[in-house]
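Shown next: final07.pdb, given as PDB, C-alpha atoms and all ligand atoms.
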```pdb
ATOM      1  CA  MET K   1     112.612  66.366 200.900
ATOM      2  CA  THR K   2     115.946  65.469 199.308
ATOM      3  CA  GLU K   3     118.912  67.759 198.789
ATOM      4  CA  ASP K   4     118.144  67.979 195.039
ATOM      5  CA  ASP K   5     114.490  68.875 195.686
ATOM      6  CA  ARG K   6     115.625  71.872 197.656
ATOM      7  CA  LYS K   7     117.868  73.218 194.901
ATOM      8  CA  GLY K   8     115.032  75.386 193.709
ATOM      9  CA  PRO K   9     114.919  79.178 193.939
ATOM     10  CA  GLY K  10     115.778  80.312 197.370
ATOM     11  CA  GLY K  11     116.771  76.818 198.498
ATOM     12  CA  PRO K  12     120.209  76.023 199.853
ATOM     13  CA  GLY K  13     122.631  75.250 197.015
ATOM     14  CA  GLY K  14     120.216  76.537 194.368
ATOM     15  CA  PRO K  15     119.922  79.970 192.824
ATOM     16  CA  SER K  16     118.723  82.730 195.079
ATOM     17  CA  ARG K  17     115.238  84.187 194.588
ATOM     18  CA  ARG K  18     116.920  87.329 193.217
ATOM     19  CA  ASP K  19     118.992  85.247 190.727
ATOM     20  CA  PHE K  20     115.887  83.374 189.694
ATOM     21  CA  LEU K  21     113.881  86.551 189.102
ATOM     22  CA  ARG K  22     116.803  88.173 187.246
ATOM     23  CA  GLY K  23     117.129  85.070 185.054
ATOM     24  CA  SER K  24     113.402  85.035 184.348
ATOM     25  CA  GLY K  25     113.611  88.689 183.339
ATOM     26  CA  VAL K  26     116.450  87.990 180.901
ATOM     27  CA  ALA K  27     114.550  85.047 179.463
ATOM     28  CA  ALA K  28     111.435  87.182 179.013
ATOM     29  CA  ALA K  29     113.462  90.005 177.413
ATOM     30  CA  THR K  30     115.103  87.496 175.088
ATOM     31  CA  ALA K  31     111.692  86.231 174.085
ATOM     32  CA  VAL K  32     110.524  89.795 173.358
ATOM     33  CA  LEU K  33     113.696  90.578 171.432
ATOM     34  CA  THR K  34     113.341  87.368 169.481
ATOM     35  CA  GLY K  35     109.785  88.355 168.634
ATOM     36  CA  GLN K  36     110.906  91.833 167.529
ATOM     37  CA  ALA K  37     113.801  90.423 165.560
ATOM     38  CA  THR K  38     111.441  88.046 163.781
ATOM     39  CA  ALA K  39     109.082  90.870 162.963
ATOM     40  CA  ILE K  40     111.965  92.999 161.639
ATOM     41  CA  LEU K  41     113.239  90.110 159.563
ATOM     42  CA  ASP K  42     109.750  89.553 158.169
ATOM     43  CA  GLU K  43     109.496  93.244 157.299
ATOM     44  CA  ALA K  44     112.897  93.184 155.616
ATOM     45  CA  LYS K  45     111.871  90.133 153.591
ATOM     46  CA  ALA K  46     108.611  91.797 152.572
ATOM     47  CA  ALA K  47     110.460  95.001 151.599
ATOM     48  CA  GLN K  48     112.937  92.978 149.592
ATOM     49  CA  ALA K  49     110.111  91.207 147.801
ATOM     50  CA  ALA K  50     108.406  94.553 147.081
ATOM     51  CA  GLU K  51     111.577  96.200 145.818
ATOM     52  CA  PRO K  52     111.480  96.968 142.112
ATOM     53  CA  LYS K  53     113.488  94.672 139.932
ATOM     54  CA  ILE K  54     116.702  96.336 138.778
ATOM     55  CA  LEU K  55     116.949  96.199 135.006
ATOM     56  CA  LYS K  56     120.294  96.440 133.242
ATOM     57  CA  GLY K  57     121.532  96.510 129.678
ATOM     58  CA  GLU K  58     118.748  96.175 127.150
ATOM     59  CA  VAL K  59     115.364  94.637 127.823
ATOM     60  CA  GLU K  60     112.774  93.115 125.552
ATOM     61  CA  ILE K  61     109.378  94.699 125.972
ATOM     62  CA  THR K  62     106.100  94.776 124.093
ATOM     63  CA  LEU K  63     104.078  97.968 123.894
ATOM     64  CA  LYS K  64     100.470  98.014 122.806
ATOM     65  CA  VAL K  65     100.253 101.142 120.664
ATOM     66  CA  ASN K  66      97.093 102.138 118.855
ATOM     67  CA  GLY K  67      95.718  98.628 119.164
ATOM     68  CA  HIS K  68      98.806  96.765 117.940
ATOM     69  CA  ASP K  69     101.461  94.900 119.912
ATOM     70  CA  HIS K  70     104.972  96.152 119.178
ATOM     71  CA  PRO K  71     107.840  94.050 120.517
ATOM     72  CA  CYS K  72     111.024  96.093 120.842
ATOM     73  CA  THR K  73     114.338  96.287 122.635
ATOM     74  CA  VAL K  74     114.985  99.291 124.858
ATOM     75  CA  GLU K  75     117.303 100.413 127.593
ATOM     76  CA  PRO K  76     115.517 100.564 130.960
ATOM     77  CA  ARG K  77     116.030 104.341 130.967
ATOM     78  CA  SER K  78     114.357 104.820 127.546
ATOM     79  CA  THR K  79     111.410 107.159 127.576
ATOM     80  CA  LEU K  80     108.106 106.358 125.975
ATOM     81  CA  LEU K  81     108.693 109.298 123.597
ATOM     82  CA  ASP K  82     112.063 107.957 122.411
ATOM     83  CA  THR K  83     110.679 104.462 122.044
ATOM     84  CA  LEU K  84     107.626 105.567 120.099
ATOM     85  CA  ARG K  85     109.550 107.845 117.757
ATOM     86  CA  ASN K  86     112.878 106.037 117.348
ATOM     87  CA  ARG K  87     111.967 102.375 117.745
ATOM     88  CA  LEU K  88     108.374 102.134 116.615
ATOM     89  CA  ASP K  89     108.215 104.970 114.074
ATOM     90  CA  VAL K  90     105.196 106.479 115.831
ATOM     91  CA  THR K  91     106.029 110.160 115.416
ATOM     92  CA  GLY K  92     102.782 111.859 116.469
ATOM     93  CA  PRO K  93     104.124 112.829 119.917
ATOM     94  CA  LYS K  94     106.751 115.606 119.477
ATOM     95  CA  ARG K  95     109.866 116.442 121.456
ATOM     96  CA  VAL K  96     109.898 120.154 122.305
ATOM     97  CA  CYS K  97     110.942 120.883 125.907
ATOM     98  CA  ASP K  98     111.839 117.254 126.790
ATOM     99  CA  ARG K  99     111.248 118.038 130.450
ATOM    100  CA  ALA K 100     107.540 117.713 131.203
ATOM    101  CA  SER K 101     106.498 121.293 130.795
ATOM    102  CA  CYS K 102     105.027 121.898 127.318
ATOM    103  CA  GLY K 103     102.840 118.884 126.521
ATOM    104  CA  ALA K 104     103.930 118.490 122.882
ATOM    105  CA  CYS K 105     104.842 114.867 123.596
ATOM    106  CA  THR K 106     101.436 113.964 125.062
ATOM    107  CA  ALA K 107     100.295 110.370 124.596
ATOM    108  CA  ILE K 108      97.335 108.628 126.201
ATOM    109  CA  VAL K 109      98.179 105.713 128.499
ATOM    110  CA  ASP K 110      95.287 103.712 129.884
ATOM    111  CA  GLY K 111      92.997 106.674 129.193
ATOM    112  CA  ASP K 112      95.153 109.325 130.859
ATOM    113  CA  PRO K 113      97.265 111.941 129.095
ATOM    114  CA  VAL K 114     100.956 111.618 129.965
ATOM    115  CA  TYR K 115     104.109 113.492 129.050
ATOM    116  CA  SER K 116     105.809 110.728 127.104
ATOM    117  CA  CYS K 117     109.170 112.542 127.351
ATOM    118  CA  THR K 118     109.316 111.738 131.059
ATOM    119  CA  THR K 119     107.513 108.396 131.112
ATOM    120  CA  LEU K 120     109.629 105.255 131.043
ATOM    121  CA  ALA K 121     108.768 102.889 128.228
ATOM    122  CA  VAL K 122     109.203  99.850 130.484
ATOM    123  CA  SER K 123     106.495 101.213 132.778
ATOM    124  CA  CYS K 124     103.988 101.156 129.905
ATOM    125  CA  GLN K 125     104.083  97.409 129.296
ATOM    126  CA  GLY K 126     100.639  95.886 129.439
ATOM    127  CA  LYS K 127      98.991  99.292 129.105
ATOM    128  CA  LYS K 128      96.912 100.734 126.302
ATOM    129  CA  ILE K 129      98.873 103.479 124.543
ATOM    130  CA  GLU K 130      97.137 105.832 122.137
ATOM    131  CA  THR K 131      98.636 108.518 119.936
ATOM    132  CA  LEU K 132      97.032 110.831 117.443
ATOM    133  CA  GLU K 133      97.804 108.404 114.602
ATOM    134  CA  SER K 134      94.762 106.432 115.781
ATOM    135  CA  PHE K 135      92.347 109.369 115.997
ATOM    136  CA  ASP K 136      89.372 109.870 113.719
ATOM    137  CA  THR K 137      90.506 112.385 111.105
ATOM    138  CA  GLY K 138      87.002 112.796 109.685
ATOM    139  CA  GLU K 139      84.541 115.552 110.568
ATOM    140  CA  HIS K 140      83.690 113.914 113.896
ATOM    141  CA  GLY K 141      87.266 113.871 115.095
ATOM    142  CA  VAL K 142      89.338 116.287 117.171
ATOM    143  CA  PRO K 143      91.911 117.032 114.402
ATOM    144  CA  HIS K 144      89.127 118.282 112.118
ATOM    145  CA  ALA K 145      87.874 120.671 114.818
ATOM    146  CA  PHE K 146      91.381 122.135 115.187
ATOM    147  CA  HIS K 147      91.565 122.636 111.450
ATOM    148  CA  GLN K 148      88.160 124.318 111.352
ATOM    149  CA  ASN K 149      88.993 126.671 114.237
ATOM    150  CA  ASP K 150      92.529 127.658 113.245
ATOM    151  CA  GLY K 151      93.739 125.967 116.386
ATOM    152  CA  LEU K 152      97.367 126.126 115.278
ATOM    153  CA  MET K 153     100.045 128.359 113.835
ATOM    154  CA  CYS K 154     103.533 126.833 113.719
ATOM    155  CA  GLY K 155     102.041 123.487 114.723
ATOM    156  CA  TYR K 156     104.732 122.347 117.159
ATOM    157  CA  CYS K 157     102.283 122.122 120.037
ATOM    158  CA  THR K 158      99.343 120.884 117.984
ATOM    159  CA  PRO K 159      99.781 117.089 118.189
ATOM    160  CA  GLY K 160     100.041 117.405 121.951
ATOM    161  CA  PHE K 161      96.980 119.643 122.190
ATOM    162  CA  VAL K 162      94.925 117.371 119.933
ATOM    163  CA  THR K 163      95.917 114.373 122.053
ATOM    164  CA  ALA K 164      95.234 116.145 125.345
ATOM    165  CA  CYS K 165      91.820 117.257 124.033
ATOM    166  CA  LYS K 166      90.962 113.733 122.933
ATOM    167  CA  ALA K 167      91.908 112.294 126.339
ATOM    168  CA  PHE K 168      89.894 115.012 128.076
ATOM    169  CA  LEU K 169      86.795 114.672 125.880
ATOM    170  CA  ASP K 170      86.772 110.873 126.177
ATOM    171  CA  LYS K 171      86.171 111.370 129.895
ATOM    172  CA  ASN K 172      84.227 114.648 129.737
ATOM    173  CA  PRO K 173      81.876 114.534 126.758
ATOM    174  CA  ASN K 174      79.882 117.642 127.787
ATOM    175  CA  PRO K 175      82.449 120.153 129.026
ATOM    176  CA  THR K 176      82.060 123.858 129.678
ATOM    177  CA  LEU K 177      84.659 126.296 128.404
ATOM    178  CA  GLU K 178      86.152 126.545 131.890
ATOM    179  CA  GLU K 179      86.352 122.769 132.200
ATOM    180  CA  VAL K 180      88.159 122.530 128.871
ATOM    181  CA  ARG K 181      90.536 125.288 129.976
ATOM    182  CA  LYS K 182      91.426 123.352 133.125
ATOM    183  CA  GLY K 183      91.368 119.969 131.407
ATOM    184  CA  ILE K 184      94.120 120.797 128.924
ATOM    185  CA  ASP K 185      96.151 123.223 131.031
ATOM    186  CA  GLY K 186      99.149 120.898 130.962
ATOM    187  CA  ASN K 187      99.855 122.007 127.403
ATOM    188  CA  ILE K 188     101.490 125.229 126.210
ATOM    189  CA  CYS K 189     101.227 127.014 122.867
ATOM    190  CA  ARG K 190     104.004 129.520 122.276
ATOM    191  CA  CYS K 191     102.126 130.976 119.312
ATOM    192  CA  GLY K 192      99.146 131.746 121.543
ATOM    193  CA  THR K 193      96.444 129.890 119.644
ATOM    194  CA  TYR K 194      94.454 129.243 122.800
ATOM    195  CA  VAL K 195      91.211 130.815 121.567
ATOM    196  CA  GLY K 196      91.148 128.490 118.580
ATOM    197  CA  VAL K 197      92.238 125.485 120.643
ATOM    198  CA  LEU K 198      89.495 125.961 123.232
ATOM    199  CA  GLN K 199      86.809 126.443 120.596
ATOM    200  CA  ALA K 200      88.104 123.388 118.746
ATOM    201  CA  ALA K 201      87.704 121.314 121.895
ATOM    202  CA  LEU K 202      84.131 122.520 122.399
ATOM    203  CA  ASP K 203      83.254 121.843 118.769
ATOM    204  CA  ALA K 204      84.913 118.450 118.907
ATOM    205  CA  ALA K 205      82.812 117.549 121.934
ATOM    206  CA  LYS K 206      79.657 118.168 119.912
ATOM    207  CA  ALA K 207      81.023 116.463 116.805
ATOM    208  CA  MET K 208      82.128 113.342 118.661
ATOM    209  CA  LYS K 209      78.562 112.760 119.821
ATOM    210  CA  GLY K 210      77.450 112.524 116.205
ATOM    211  CA  ALA K 211      80.091 109.947 115.316
TER     212      ALA K 211
HETATM  213  S1  LIG C 301     108.339 117.531 125.196
HETATM  214 FE1  LIG C 301     107.389 116.489 126.822
HETATM  215  S2  LIG C 301     106.402 118.024 127.946
HETATM  216 FE2  LIG C 301     107.528 119.124 126.426
HETATM  217  S1  LIG C 302     100.975 126.694 117.230
HETATM  218 FE1  LIG C 302     103.041 127.253 117.552
HETATM  219  S2  LIG C 302     103.441 126.593 119.543
HETATM  220 FE2  LIG C 302     101.360 126.289 119.328
END
```
Could I get this structure in the form of structure tokens?
Amino acid sequence: MTEDDRKGPGGPGGPSRRDFLRGSGVAAATAVLTGQATAILDEAKAAQAAEPKILKGEVEITLKVNGHDHPCTVEPRSTLLDTLRNRLDVTGPKRVCDRASCGACTAIVDGDPVYSCTTLAVSCQGKKIETLESFDTGEHGVPHAFHQNDGLMCGYCTPGFVTACKAFLDKNPNPTLEEVRKGIDGNICRCGTYVGVLQAALDAAKAMKGA
């Protein structure tokens, strides 16, 4: 055995067994840390990729409203209500509370009723937006049932109620009174026309079947 051969752990001139074991431990820890660091970096990259794009200034969007594509320019903070009323001249949804509590601004997005006053227009790209301008105004439609049942007084809440009823009945064609009550409870009528509104919804459910 040569001098060099004996420079292994514990050999004369080489690292001691203790040094060797300590060094192995550091190497192992470094490997673990490297693995963790890689995982953290991967997570950070994934989070960065998943982060929403930050929009600034004005953006070009296209909204599909009542079956038609409407290109328009909006600020990223623009609500669907503002965009419909002020950019696209779709004035069915009304601004009353402007803070998601009354339902006068209700529009239907991909089949669900939403408060358009607190929905960002940019978030509605590629979705199907419906407002009461597209509803059947004949005897099989929801507006007719409201008219027949005196489901309005001042009328401020009415577009929202008609829209909420339509969205509800499209998914619940055979509702009970209690189901209607719960289904449109996101809307408020300050004139208290609830009796007429509820009956209108029940009548509309029957009428829509005959359409
Ligand atoms: S105006 Fe949107 S909920 Fe009242
Ligand atoms: S009819 Fe006036 S608020 Fe409903």
Note to self: If I take atom CA of K:Asn86 and atom CA of K:Thr106, how far is one from the other in Å, to one decimal?
What the structure shows: 15.9 Å
Note to self: Here's the selection I'm unsure about, the PyMOL selection byres (((not hetatm)) within 9 of (chain C and resi 302)); applied to the file above, which residues does it give, as a PyMOL selection string?
What the structure shows: chain K and resi 104+151-158+161+188-194
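Proximal residues of ligand LIG 301 (chain C) are Lys94, Arg95, Val96, Cys97, Asp98, Arg99, Ala100, Ser101, Cys102, Gly103, Ala104, Cys105, Thr106, Tyr115, Ser116, Cys117 and Thr118 of chain K, by a cut-off of 7 Å on all atoms listed in the file.
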Next item on the list: Apply the PyMOL selection byres (((chain K and resi 87-91) around 12) and not hetatm) to the file shown and report the selected residues as a ChimeraX atom specification.
Entry: /K:61-66,68-75,78-86,92-95,104-107,116,121,129-134,159-160
Check: Rounded to one decimal in Å, what is the spacing between atom CA of K:Ala207 and atom CA of K:Asp170?
Finding: 12.3 Å
Check: Can you list what the PyMOL selection byres (((chain K and resi 211) around 12) and not hetatm) grabs from this structure, as a ChimeraX atom specification?
Finding: /K:136-142,204-210
Check: Do you know which residues are at most 12 Å from K:Glu178 counting only C-alpha atoms, after dropping those on the same chain fewer than 6 positions away, and could you put them as a PyMOL selection string?
Finding: chain K and resi 184-185+198-199+201-202
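With all atoms listed in the file as the atoms that count, the residue of K:Lys171, K:Glu60, K:Pro76, K:His144 with the shortest distance to K:Gly111 is K:Lys171.
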Next item on the list: Measure the distance from atom CA of K:Asn149 to atom CA of K:Asn172 in Å and round it to one decimal.
Entry: 20.2 Å
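Nearest-residue note for K:Asp112: choosing from K:Val180, K:Ala145, K:Cys165, K:Val197, the minimum distance belongs to K:Cys165, counting all atoms listed in the file.
Counting all atoms listed in the file, the residue from K:Val195, K:Ala39, K:Leu55, K:Ala164 that sits nearest to K:Ser123 is K:Leu55.
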